[in-house]
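This report concerns only the one structure given below.
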Amino acid sequence: DLRSKDDTALQKEIADLQRAHFNLRMQKGTQQLTDLSQMRTTRRSIARAKTVLAENAAKQSATK
């Protein structure tokens, strides 16, 4: 799914996920977050998106 997106879409996805992770951290701080596994899921999704973005950058630099 992520591999089919272009770089701008991936950057937007990363920004959205980081915003969601920030909101989860704030909920945890105010004792409102009950499912802590959501933090792990968003953190790993951010890493996946950044990995795909780095792979795309490596492919582009290798072809130049």
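Every chain in the structure tokens has a letter given in the order shown (A, B, ...), and although residue numbers restart at 1 in each chain, ligands are simply numbered from 1 in the order shown.
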I want to know what sits within 8 Å of stretch 19-22 of chain A, based on only C-alpha atoms, with residues of the same chain fewer than 3 positions away left out; could you give that as a PyMOL selection string? chain A and resi 15-16+25-26+39+42-43
Contacts of A:Ser45 at 10 Å (only C-alpha atoms; same-chain gap of 5+ positions) as a PyMOL selection string: chain A and resi 2+13-14+17-18+39-40+50-51
Neighbouring residues of A:Asp7 were defined as those with any atom within 9 Å, considering only C-alpha atoms; residues of the same chain fewer than 2 positions away were excluded. Please report them as an mmCIF file with C-alpha atoms, in the first residue's frame.
data_model
loop_
_atom_site.group_PDB
_atom_site.id
_atom_site.type_symbol
_atom_site.label_atom_id
_atom_site.label_comp_id
_atom_site.auth_asym_id
_atom_site.auth_seq_id
_atom_site.Cartn_x
_atom_site.Cartn_y
_atom_site.Cartn_z
ATOM 1 C CA LYS A 5 2.375 6.159 -3.131
ATOM 2 C CA ALA A 9 1.832 11.381 -0.409
ATOM 3 C CA LEU A 10 4.285 9.533 1.846
ATOM 4 C CA GLN A 11 5.366 12.769 3.496
ATOM 5 C CA LYS A 12 1.730 13.684 4.107
ATOM 6 C CA LEU A 53 10.478 7.050 1.569
ATOM 7 C CA ASN A 56 12.463 5.629 -2.961
ATOM 8 C CA ALA A 57 15.202 8.206 -2.409
#
From chain A, collect each residue whose DSSP state is helix (DSSP H, G or I) and return the set as a PyMOL selection string. chain A and resi 2-4+7-29+37-63
